[in-house]
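> One structure coming up, written as structure tokens, with questions to follow.
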Amino acid sequence: RQTKFLISAPDIAHLDQYLPGDVGVEIAFAGRSNAGKSSALNALTEQKNLARTSKTPGRTQLINVFALDDDRRLVDLPGYGFAQVPLAMKKKWQAALGEYLQKRSCLSGVVVLMDIRHPLKDLDMQMIEWAVMSEIPVLALLTKADKLAQSAKMKTVNDVRKKLADFGDWVQVESFSSLKGTGKPKVLGILNKWCNP
Ligand code: GDP
């Protein structure tokens with residue numbers, strides 16, 4: 001609830017120039033555009049407008065960094081997966097993202113948000129693989145869970161858990177609804193553990 005906006009970086013390639021020193025704890029939020037990332041950040045921090053929702057697709061997005069306190073930060077990475085983004089730009093973005101995941105030693109966890117109706121697209125898998133390769137734990141968060149009936153929700157969570165089982169304890173899978181608040185205590189519990197290693 002005390003989360004406050006700290007800084008914006010213009011793009012991921014320059015993120016390290018804007019971030020404070022590589023100390024304390026950082027948790028990154030990533031996901032395809034429209035996955036529900038802004039809504040989840042707002043719901044988890046109990047703030048209406050911390051992360052803006054419904055941005056224009058394709059527009060260059062700032063990377064916003066929020067401070068939980070003096071030592072702990074949340075990093076809102078730009079949504080990925082816009083078809084109209086040129087390939088060269090995608091490659092640049094991927095390289096910079098890979099670098100951030102590999103080099104940032106305070107990065108203690110990555111939340112990969114996916115619409116529960118369309119989980120584990122190629123870029124989501126890539127993001128999860130990169131994080132685990134860099135030995136960063138992942139929370140695969142299946143958003144908009146209120147869009148599915150309970151049985152379909154459970155089935156999807158189980159299917160996704162099975163598909164990610166090879167990653168072992170590095171990856172946890174939970175469902176979440178910003179709208180209804182379901183899954184929030186579990187997610188906060190996981191983030192809390194990452195924040196207090
Ligand atoms: P972002 O692009 O990943 O930041 O996604 P947003 O948070 O802006 O959400 C994209 C769209 O999904 C918006 O229209 C939101 O209202 C909707 N949305 C986000 N979270 C939920 C949720 O938990 N339930 C439902 N039903 N809709 C949601």
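Naming scheme: A, B, ... for chains in displayed order of the structure tokens; residues 1 onward per chain; ligands 1 onward as shown.
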Output as an mmCIF file with N, CA, C and O atoms, in the first residue's frame all residues of range 60-162 of chain A that backbone DSSP marks as helix (DSSP H, G or I).

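Dumped everything to states-v3.cif:
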data_model
loop_
_atom_site.group_PDB
_atom_site.id
_atom_site.type_symbol
_atom_site.label_atom_id
_atom_site.label_comp_id
_atom_site.auth_asym_id
_atom_site.auth_seq_id
_atom_site.Cartn_x
_atom_site.Cartn_y
_atom_site.Cartn_z
ATOM 1 N N LEU A 87 10.726 -6.198 -36.681
ATOM 2 C CA LEU A 87 11.551 -7.298 -36.178
ATOM 3 C C LEU A 87 12.844 -6.789 -35.529
ATOM 4 O O LEU A 87 13.247 -7.284 -34.466
ATOM 5 N N ALA A 88 13.456 -5.794 -36.154
ATOM 6 C CA ALA A 88 14.716 -5.267 -35.619
ATOM 7 C C ALA A 88 14.516 -4.726 -34.202
ATOM 8 O O ALA A 88 15.362 -4.917 -33.325
ATOM 9 N N MET A 89 13.376 -4.075 -34.010
ATOM 10 C CA MET A 89 13.084 -3.510 -32.701
ATOM 11 C C MET A 89 12.829 -4.617 -31.676
ATOM 12 O O MET A 89 13.263 -4.547 -30.526
ATOM 13 N N LYS A 90 12.132 -5.655 -32.121
ATOM 14 C CA LYS A 90 11.862 -6.799 -31.233
ATOM 15 C C LYS A 90 13.166 -7.422 -30.765
ATOM 16 O O LYS A 90 13.340 -7.772 -29.615
ATOM 17 N N LYS A 91 14.097 -7.578 -31.730
ATOM 18 C CA LYS A 91 15.384 -8.207 -31.405
ATOM 19 C C LYS A 91 16.158 -7.377 -30.389
ATOM 20 O O LYS A 91 16.765 -7.908 -29.468
ATOM 21 N N LYS A 92 16.143 -6.072 -30.617
ATOM 22 C CA LYS A 92 16.844 -5.148 -29.715
ATOM 23 C C LYS A 92 16.265 -5.266 -28.305
ATOM 24 O O LYS A 92 16.976 -5.323 -27.312
ATOM 25 N N TRP A 93 14.943 -5.306 -28.271
ATOM 26 C CA TRP A 93 14.222 -5.390 -27.006
ATOM 27 C C TRP A 93 14.573 -6.687 -26.276
ATOM 28 O O TRP A 93 14.836 -6.702 -25.072
ATOM 29 N N GLN A 94 14.596 -7.778 -27.042
ATOM 30 C CA GLN A 94 14.905 -9.082 -26.441
ATOM 31 C C GLN A 94 16.314 -9.119 -25.880
ATOM 32 O O GLN A 94 16.557 -9.647 -24.797
ATOM 33 N N ALA A 95 17.249 -8.534 -26.647
ATOM 34 C CA ALA A 95 18.643 -8.533 -26.200
ATOM 35 C C ALA A 95 18.769 -7.742 -24.894
ATOM 36 O O ALA A 95 19.426 -8.177 -23.944
ATOM 37 N N ALA A 96 18.110 -6.581 -24.850
ATOM 38 C CA ALA A 96 18.187 -5.729 -23.665
ATOM 39 C C ALA A 96 17.514 -6.400 -22.469
ATOM 40 O O ALA A 96 18.007 -6.333 -21.348
ATOM 41 N N LEU A 97 16.414 -7.058 -22.738
ATOM 42 C CA LEU A 97 15.704 -7.752 -21.668
ATOM 43 C C LEU A 97 16.563 -8.887 -21.108
ATOM 44 O O LEU A 97 16.690 -9.059 -19.893
ATOM 45 N N GLY A 98 17.175 -9.653 -22.021
ATOM 46 C CA GLY A 98 18.058 -10.747 -21.621
ATOM 47 C C GLY A 98 19.176 -10.235 -20.736
ATOM 48 O O GLY A 98 19.526 -10.845 -19.726
ATOM 49 N N GLU A 99 19.718 -9.086 -21.118
ATOM 50 C CA GLU A 99 20.809 -8.485 -20.360
ATOM 51 C C GLU A 99 20.343 -8.091 -18.952
ATOM 52 O O GLU A 99 21.023 -8.347 -17.966
ATOM 53 N N TYR A 100 19.183 -7.480 -18.901
ATOM 54 C CA TYR A 100 18.637 -7.074 -17.601
ATOM 55 C C TYR A 100 18.456 -8.299 -16.698
ATOM 56 O O TYR A 100 18.845 -8.298 -15.532
ATOM 57 N N LEU A 101 17.881 -9.369 -17.256
ATOM 58 C CA LEU A 101 17.641 -10.580 -16.467
ATOM 59 C C LEU A 101 18.951 -11.197 -15.988
ATOM 60 O O LEU A 101 19.041 -11.701 -14.870
ATOM 61 N N GLN A 102 19.956 -11.159 -16.849
ATOM 62 C CA GLN A 102 21.219 -11.810 -16.498
ATOM 63 C C GLN A 102 22.069 -10.986 -15.541
ATOM 64 O O GLN A 102 22.737 -11.523 -14.674
ATOM 65 N N LYS A 103 22.079 -9.669 -15.747
ATOM 66 C CA LYS A 103 23.046 -8.840 -15.027
ATOM 67 C C LYS A 103 22.545 -8.254 -13.714
ATOM 68 O O LYS A 103 23.338 -7.889 -12.862
ATOM 69 N N ASP A 122 4.398 -18.154 -27.244
ATOM 70 C CA ASP A 122 5.850 -18.291 -27.445
ATOM 71 C C ASP A 122 6.658 -17.309 -26.593
ATOM 72 O O ASP A 122 7.636 -17.682 -25.959
ATOM 73 N N LEU A 123 6.248 -16.038 -26.626
ATOM 74 C CA LEU A 123 7.029 -15.027 -25.907
ATOM 75 C C LEU A 123 6.943 -15.211 -24.393
ATOM 76 O O LEU A 123 7.881 -14.887 -23.663
ATOM 77 N N ASP A 124 5.815 -15.748 -23.927
ATOM 78 C CA ASP A 124 5.692 -16.038 -22.487
ATOM 79 C C ASP A 124 6.679 -17.143 -22.111
ATOM 80 O O ASP A 124 7.375 -17.046 -21.093
ATOM 81 N N MET A 125 6.715 -18.185 -22.943
ATOM 82 C CA MET A 125 7.623 -19.305 -22.676
ATOM 83 C C MET A 125 9.070 -18.817 -22.676
ATOM 84 O O MET A 125 9.864 -19.201 -21.824
ATOM 85 N N GLN A 126 9.374 -17.955 -23.647
ATOM 86 C CA GLN A 126 10.725 -17.436 -23.751
ATOM 87 C C GLN A 126 11.107 -16.651 -22.485
ATOM 88 O O GLN A 126 12.189 -16.817 -21.938
ATOM 89 N N MET A 127 10.158 -15.832 -22.058
ATOM 90 C CA MET A 127 10.385 -15.013 -20.859
ATOM 91 C C MET A 127 10.648 -15.924 -19.651
ATOM 92 O O MET A 127 11.578 -15.691 -18.867
ATOM 93 N N ILE A 128 9.828 -16.955 -19.505
ATOM 94 C CA ILE A 128 9.972 -17.883 -18.376
ATOM 95 C C ILE A 128 11.319 -18.609 -18.467
ATOM 96 O O ILE A 128 12.059 -18.708 -17.487
ATOM 97 N N GLU A 129 11.654 -19.080 -19.675
ATOM 98 C CA GLU A 129 12.921 -19.794 -19.860
ATOM 99 C C GLU A 129 14.110 -18.904 -19.537
ATOM 100 O O GLU A 129 15.046 -19.315 -18.860
ATOM 101 N N TRP A 130 14.080 -17.685 -20.020
ATOM 102 C CA TRP A 130 15.186 -16.752 -19.770
ATOM 103 C C TRP A 130 15.361 -16.488 -18.290
ATOM 104 O O TRP A 130 16.483 -16.455 -17.793
ATOM 105 N N ALA A 131 14.250 -16.283 -17.606
ATOM 106 C CA ALA A 131 14.334 -15.984 -16.177
ATOM 107 C C ALA A 131 14.938 -17.181 -15.437
ATOM 108 O O ALA A 131 15.862 -17.030 -14.638
ATOM 109 N N VAL A 132 14.435 -18.370 -15.738
ATOM 110 C CA VAL A 132 14.926 -19.566 -15.036
ATOM 111 C C VAL A 132 16.396 -19.814 -15.374
ATOM 112 O O VAL A 132 17.188 -20.161 -14.498
ATOM 113 N N MET A 133 16.756 -19.587 -16.647
ATOM 114 C CA MET A 133 18.164 -19.738 -17.040
ATOM 115 C C MET A 133 19.056 -18.799 -16.237
ATOM 116 O O MET A 133 20.204 -19.107 -15.952
ATOM 117 N N ALA A 145 -8.989 -14.385 -14.202
ATOM 118 C CA ALA A 145 -9.534 -15.698 -13.844
ATOM 119 C C ALA A 145 -11.059 -15.665 -13.728
ATOM 120 O O ALA A 145 -11.717 -16.693 -13.888
ATOM 121 N N ASP A 146 -11.604 -14.475 -13.490
ATOM 122 C CA ASP A 146 -13.070 -14.357 -13.406
ATOM 123 C C ASP A 146 -13.759 -14.614 -14.736
ATOM 124 O O ASP A 146 -14.970 -14.806 -14.787
ATOM 125 N N LYS A 147 -12.982 -14.647 -15.815
ATOM 126 C CA LYS A 147 -13.554 -14.897 -17.140
ATOM 127 C C LYS A 147 -13.884 -16.368 -17.362
ATOM 128 O O LYS A 147 -14.543 -16.715 -18.331
ATOM 129 N N GLN A 150 -15.255 -21.975 -12.574
ATOM 130 C CA GLN A 150 -14.319 -22.597 -11.630
ATOM 131 C C GLN A 150 -13.627 -23.839 -12.216
ATOM 132 O O GLN A 150 -12.404 -23.976 -12.114
ATOM 133 N N SER A 151 -14.403 -24.722 -12.851
ATOM 134 C CA SER A 151 -13.820 -25.976 -13.355
ATOM 135 C C SER A 151 -12.827 -25.704 -14.481
ATOM 136 O O SER A 151 -11.746 -26.307 -14.529
ATOM 137 N N ALA A 152 -13.174 -24.801 -15.375
ATOM 138 C CA ALA A 152 -12.274 -24.469 -16.489
ATOM 139 C C ALA A 152 -11.010 -23.790 -15.959
ATOM 140 O O ALA A 152 -9.898 -24.024 -16.457
ATOM 141 N N LYS A 153 -11.191 -22.989 -14.927
ATOM 142 C CA LYS A 153 -10.059 -22.294 -14.308
ATOM 143 C C LYS A 153 -9.077 -23.310 -13.723
ATOM 144 O O LYS A 153 -7.883 -23.260 -13.997
ATOM 145 N N MET A 154 -9.629 -24.261 -12.953
ATOM 146 C CA MET A 154 -8.782 -25.289 -12.330
ATOM 147 C C MET A 154 -8.053 -26.105 -13.383
ATOM 148 O O MET A 154 -6.876 -26.438 -13.232
ATOM 149 N N LYS A 155 -8.767 -26.419 -14.444
ATOM 150 C CA LYS A 155 -8.172 -27.237 -15.503
ATOM 151 C C LYS A 155 -7.004 -26.487 -16.143
ATOM 152 O O LYS A 155 -5.926 -27.054 -16.364
ATOM 153 N N THR A 156 -7.215 -25.215 -16.439
ATOM 154 C CA THR A 156 -6.142 -24.428 -17.069
ATOM 155 C C THR A 156 -4.933 -24.335 -16.140
ATOM 156 O O THR A 156 -3.793 -24.524 -16.571
ATOM 157 N N VAL A 157 -5.180 -24.057 -14.862
ATOM 158 C CA VAL A 157 -4.064 -23.955 -13.909
ATOM 159 C C VAL A 157 -3.284 -25.277 -13.890
ATOM 160 O O VAL A 157 -2.048 -25.288 -13.969
ATOM 161 N N ASN A 158 -4.011 -26.385 -13.850
ATOM 162 C CA ASN A 158 -3.336 -27.697 -13.833
ATOM 163 C C ASN A 158 -2.565 -27.957 -15.121
ATOM 164 O O ASN A 158 -1.439 -28.461 -15.079
ATOM 165 N N ASP A 159 -3.175 -27.614 -16.265
ATOM 166 C CA ASP A 159 -2.496 -27.814 -17.556
ATOM 167 C C ASP A 159 -1.205 -27.001 -17.610
ATOM 168 O O ASP A 159 -0.159 -27.506 -18.033
ATOM 169 N N VAL A 160 -1.301 -25.747 -17.175
ATOM 170 C CA VAL A 160 -0.122 -24.879 -17.225
ATOM 171 C C VAL A 160 0.949 -25.409 -16.261
ATOM 172 O O VAL A 160 2.135 -25.449 -16.585
ATOM 173 N N ARG A 161 0.525 -25.856 -15.086
ATOM 174 C CA ARG A 161 1.500 -26.433 -14.127
ATOM 175 C C ARG A 161 2.217 -27.623 -14.741
ATOM 176 O O ARG A 161 3.433 -27.760 -14.599
ATOM 177 N N LYS A 162 1.448 -28.469 -15.449
ATOM 178 C CA LYS A 162 2.062 -29.650 -16.078
ATOM 179 C C LYS A 162 3.075 -29.225 -17.128
ATOM 180 O O LYS A 162 4.169 -29.768 -17.207
#
> Write as a short mmCIF file (atom, residue, chain, number, x, y, z; two decimals) with all heavy atoms, in the first residue's frame the residues around ligand 1, taking 7 Å as the cut-off and counting only C-alpha atoms and all ligand atoms.

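The result, written out as result21.cif:
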data_model
loop_
_atom_site.label_atom_id
_atom_site.label_comp_id
_atom_site.auth_asym_id
_atom_site.auth_seq_id
_atom_site.Cartn_x
_atom_site.Cartn_y
_atom_site.Cartn_z
N GLY A 31 4.68 -9.30 -19.36
CA GLY A 31 3.54 -9.99 -19.97
C GLY A 31 3.21 -9.40 -21.32
O GLY A 31 3.67 -8.30 -21.64
N ARG A 32 2.46 -10.14 -22.10
CA ARG A 32 2.01 -9.61 -23.39
C ARG A 32 1.13 -8.40 -23.12
O ARG A 32 0.51 -8.30 -22.06
CB ARG A 32 1.17 -10.67 -24.13
CG ARG A 32 1.95 -11.91 -24.50
CD ARG A 32 1.01 -12.95 -25.08
NE ARG A 32 0.44 -12.48 -26.33
CZ ARG A 32 1.05 -12.56 -27.51
NH1 ARG A 32 2.25 -13.10 -27.60
NH2 ARG A 32 0.48 -12.11 -28.60
N SER A 33 1.07 -7.51 -24.08
CA SER A 33 0.20 -6.36 -23.94
C SER A 33 -1.22 -6.86 -23.73
O SER A 33 -1.62 -7.86 -24.34
CB SER A 33 0.26 -5.52 -25.21
OG SER A 33 1.59 -5.28 -25.52
N ASN A 34 -1.92 -6.21 -22.85
CA ASN A 34 -3.31 -6.56 -22.57
C ASN A 34 -3.48 -7.78 -21.66
O ASN A 34 -4.59 -8.26 -21.46
CB ASN A 34 -4.08 -6.78 -23.88
CG ASN A 34 -5.50 -6.28 -23.77
OD1 ASN A 34 -5.74 -5.24 -23.16
ND2 ASN A 34 -6.45 -7.02 -24.32
N ALA A 35 -2.37 -8.28 -21.13
CA ALA A 35 -2.45 -9.46 -20.25
C ALA A 35 -3.10 -9.13 -18.91
O ALA A 35 -3.50 -10.03 -18.18
CB ALA A 35 -1.06 -10.04 -20.02
N GLY A 36 -3.17 -7.83 -18.60
CA GLY A 36 -3.75 -7.44 -17.31
C GLY A 36 -2.70 -7.04 -16.29
O GLY A 36 -2.95 -7.04 -15.09
N LYS A 37 -1.52 -6.65 -16.79
CA LYS A 37 -0.39 -6.33 -15.92
C LYS A 37 -0.66 -5.07 -15.08
O LYS A 37 -0.45 -5.07 -13.88
CB LYS A 37 0.88 -6.17 -16.77
CG LYS A 37 2.13 -5.88 -15.98
CD LYS A 37 3.38 -6.24 -16.77
CE LYS A 37 3.46 -5.59 -18.12
NZ LYS A 37 3.69 -4.13 -18.08
N SER A 38 -1.12 -4.01 -15.75
CA SER A 38 -1.38 -2.77 -15.02
C SER A 38 -2.47 -2.99 -13.96
O SER A 38 -2.34 -2.53 -12.82
CB SER A 38 -1.82 -1.65 -15.97
OG SER A 38 -0.93 -1.54 -17.02
N SER A 39 -3.51 -3.69 -14.36
CA SER A 39 -4.61 -3.95 -13.42
C SER A 39 -4.11 -4.75 -12.22
O SER A 39 -4.51 -4.49 -11.08
CB SER A 39 -5.73 -4.72 -14.11
OG SER A 39 -6.17 -4.05 -15.25
N ALA A 40 -3.25 -5.72 -12.49
CA ALA A 40 -2.72 -6.55 -11.40
C ALA A 40 -1.84 -5.73 -10.46
O ALA A 40 -1.95 -5.85 -9.23
CB ALA A 40 -1.94 -7.74 -11.96
N ARG A 52 -0.83 2.66 -15.24
CA ARG A 52 -1.98 3.04 -16.06
C ARG A 52 -2.54 1.83 -16.81
O ARG A 52 -1.80 0.97 -17.26
CB ARG A 52 -1.58 4.11 -17.07
CG ARG A 52 -1.73 5.51 -16.52
CD ARG A 52 -1.33 6.51 -17.56
NE ARG A 52 -0.02 6.22 -18.10
CZ ARG A 52 0.27 6.22 -19.38
NH1 ARG A 52 -0.66 6.48 -20.26
NH2 ARG A 52 1.50 5.95 -19.79
N THR A 53 -3.84 1.78 -16.96
CA THR A 53 -4.44 0.72 -17.78
C THR A 53 -4.84 1.28 -19.14
O THR A 53 -4.87 2.48 -19.34
CB THR A 53 -5.67 0.10 -17.09
OG1 THR A 53 -6.45 1.14 -16.56
CG2 THR A 53 -5.27 -0.86 -16.00
N SER A 54 -5.17 0.37 -20.02
CA SER A 54 -5.61 0.67 -21.40
C SER A 54 -4.76 1.72 -22.12
O SER A 54 -5.20 2.82 -22.38
CB SER A 54 -7.09 1.06 -21.45
OG SER A 54 -7.38 2.14 -20.60
N LYS A 55 -3.51 1.33 -22.38
CA LYS A 55 -2.61 2.19 -23.13
C LYS A 55 -2.81 1.94 -24.62
O LYS A 55 -3.40 0.95 -25.01
CB LYS A 55 -1.15 1.90 -22.77
CG LYS A 55 -0.82 2.16 -21.33
CD LYS A 55 -0.24 0.96 -20.67
CE LYS A 55 -1.22 -0.20 -20.67
NZ LYS A 55 -0.89 -1.26 -19.77
N GLY A 79 4.83 -4.15 -22.12
CA GLY A 79 4.12 -5.32 -22.66
C GLY A 79 4.74 -5.77 -23.98
O GLY A 79 5.14 -4.94 -24.78
N THR A 143 -4.10 -14.39 -15.36
CA THR A 143 -4.95 -13.25 -15.03
C THR A 143 -6.37 -13.39 -15.59
O THR A 143 -6.63 -14.26 -16.42
CB THR A 143 -4.35 -11.96 -15.59
OG1 THR A 143 -4.25 -12.10 -17.01
CG2 THR A 143 -2.98 -11.66 -15.01
N LYS A 144 -7.23 -12.51 -15.16
CA LYS A 144 -8.62 -12.44 -15.61
C LYS A 144 -9.35 -13.77 -15.33
O LYS A 144 -10.16 -14.24 -16.13
CB LYS A 144 -8.72 -12.07 -17.09
CG LYS A 144 -7.85 -10.86 -17.48
CD LYS A 144 -8.10 -10.40 -18.88
CE LYS A 144 -6.98 -9.46 -19.35
NZ LYS A 144 -7.15 -8.98 -20.72
N ALA A 145 -8.99 -14.39 -14.20
CA ALA A 145 -9.53 -15.70 -13.84
C ALA A 145 -11.06 -15.66 -13.73
O ALA A 145 -11.72 -16.69 -13.89
CB ALA A 145 -8.91 -16.18 -12.53
N ASP A 146 -11.60 -14.47 -13.49
CA ASP A 146 -13.07 -14.36 -13.41
C ASP A 146 -13.76 -14.61 -14.74
O ASP A 146 -14.97 -14.81 -14.79
CB ASP A 146 -13.45 -12.96 -12.89
CG ASP A 146 -12.85 -11.84 -13.73
OD1 ASP A 146 -11.65 -11.52 -13.52
OD2 ASP A 146 -13.53 -11.32 -14.60
N LYS A 147 -12.98 -14.65 -15.81
CA LYS A 147 -13.55 -14.90 -17.14
C LYS A 147 -13.88 -16.37 -17.36
O LYS A 147 -14.54 -16.71 -18.33
CB LYS A 147 -12.58 -14.45 -18.23
CG LYS A 147 -12.28 -12.96 -18.24
CD LYS A 147 -13.24 -12.24 -19.15
CE LYS A 147 -12.78 -10.81 -19.40
NZ LYS A 147 -13.78 -10.06 -20.17
N PHE A 176 -5.43 -15.52 -10.96
CA PHE A 176 -5.59 -14.21 -10.33
C PHE A 176 -6.70 -13.42 -11.03
O PHE A 176 -6.87 -13.53 -12.24
CB PHE A 176 -4.27 -13.43 -10.47
CG PHE A 176 -4.24 -12.11 -9.74
CD1 PHE A 176 -4.08 -12.06 -8.37
CD2 PHE A 176 -4.38 -10.92 -10.44
CE1 PHE A 176 -4.04 -10.85 -7.70
CE2 PHE A 176 -4.34 -9.70 -9.77
CZ PHE A 176 -4.17 -9.67 -8.40
N SER A 177 -7.44 -12.68 -10.25
CA SER A 177 -8.40 -11.75 -10.84
C SER A 177 -8.28 -10.39 -10.17
O SER A 177 -8.53 -10.28 -8.97
CB SER A 177 -9.83 -12.28 -10.70
OG SER A 177 -10.75 -11.23 -10.97
N SER A 178 -7.89 -9.42 -10.96
CA SER A 178 -7.81 -8.06 -10.42
C SER A 178 -9.20 -7.55 -10.09
O SER A 178 -9.40 -6.80 -9.14
CB SER A 178 -7.18 -7.11 -11.44
OG SER A 178 -5.92 -7.56 -11.79
N LEU A 179 -10.13 -8.01 -10.89
CA LEU A 179 -11.51 -7.56 -10.75
C LEU A 179 -12.12 -8.05 -9.44
O LEU A 179 -12.72 -7.28 -8.68
CB LEU A 179 -12.32 -8.09 -11.94
CG LEU A 179 -13.66 -7.44 -12.22
CD1 LEU A 179 -13.47 -6.01 -12.71
CD2 LEU A 179 -14.43 -8.24 -13.28
N LYS A 180 -11.92 -9.34 -9.14
CA LYS A 180 -12.54 -9.95 -7.96
C LYS A 180 -11.60 -10.08 -6.76
O LYS A 180 -12.04 -10.42 -5.66
CB LYS A 180 -13.06 -11.35 -8.30
CG LYS A 180 -13.96 -11.40 -9.52
CD LYS A 180 -15.41 -11.37 -9.14
CE LYS A 180 -16.25 -11.38 -10.39
NZ LYS A 180 -17.63 -11.16 -10.26
#
> Check the DSSP output for the backbone and give back, as a ChimeraX atom specification, the residues of range 59-156 of chain A in strand (DSSP E).
/A:63-67,72-76,107-115,138-143
> Take the selection from the previous step and output its residues with C-alpha atoms, as a short mmCIF file (atom, residue, chain, number, x, y, z; two decimals), in the first residue's frame.

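That gives us part02.cif:
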data_model
loop_
_atom_site.label_atom_id
_atom_site.label_comp_id
_atom_site.auth_asym_id
_atom_site.auth_seq_id
_atom_site.Cartn_x
_atom_site.Cartn_y
_atom_site.Cartn_z
CA ILE A 63 9.43 1.28 -17.99
CA ASN A 64 8.07 2.41 -14.67
CA VAL A 65 9.82 1.58 -11.45
CA PHE A 66 7.91 1.70 -8.19
CA ALA A 67 9.36 1.71 -4.70
CA ARG A 72 12.51 -2.87 -2.54
CA ARG A 73 11.23 -2.09 -6.01
CA LEU A 74 8.73 -3.29 -8.58
CA VAL A 75 9.69 -2.91 -12.25
CA ASP A 76 6.85 -2.72 -14.76
CA LEU A 107 16.33 -9.12 -9.38
CA SER A 108 14.67 -11.60 -7.05
CA GLY A 109 11.67 -12.68 -9.06
CA VAL A 110 9.76 -12.20 -12.28
CA VAL A 111 5.99 -12.25 -12.49
CA VAL A 112 4.91 -13.34 -15.98
CA LEU A 113 1.28 -12.37 -16.46
CA MET A 114 -0.86 -14.21 -19.00
CA ASP A 115 -4.54 -14.02 -19.79
CA VAL A 138 9.07 -17.03 -11.77
CA LEU A 139 5.45 -16.59 -10.82
CA ALA A 140 3.33 -17.47 -13.85
CA LEU A 141 0.20 -15.53 -13.10
CA LEU A 142 -2.97 -16.46 -14.98
CA THR A 143 -4.95 -13.25 -15.03
#
> Would you mind telling me which residue in A:Tyr80, A:Phe5, A:Trp194, A:Trp170 lies nearest to Leu50 in chain A when using only C-alpha atoms?
A:Phe5
> Hey, which of A:Lys193, A:Lys4, A:Arg104, A:Arg117 ends up closest to Ser175 in chain A? Count only C-alpha atoms.
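Residue with the minimum atom-to-atom distance to Ser175 in chain A: A:Arg117.
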> From the options A:Ile7, A:Ala13, A:Ala149, A:Val23, which residue's atoms come nearest to Asp70 in chain A, counting only C-alpha atoms?
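Selected residue with least distance to Asp70 in chain A: A:Val23.
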> One decimal, in Å: what's the spacing between CA of Glu26 in chain A and CA of Pro119 in chain A?
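Rounded to one decimal, the two atoms are 24.6 Å apart.
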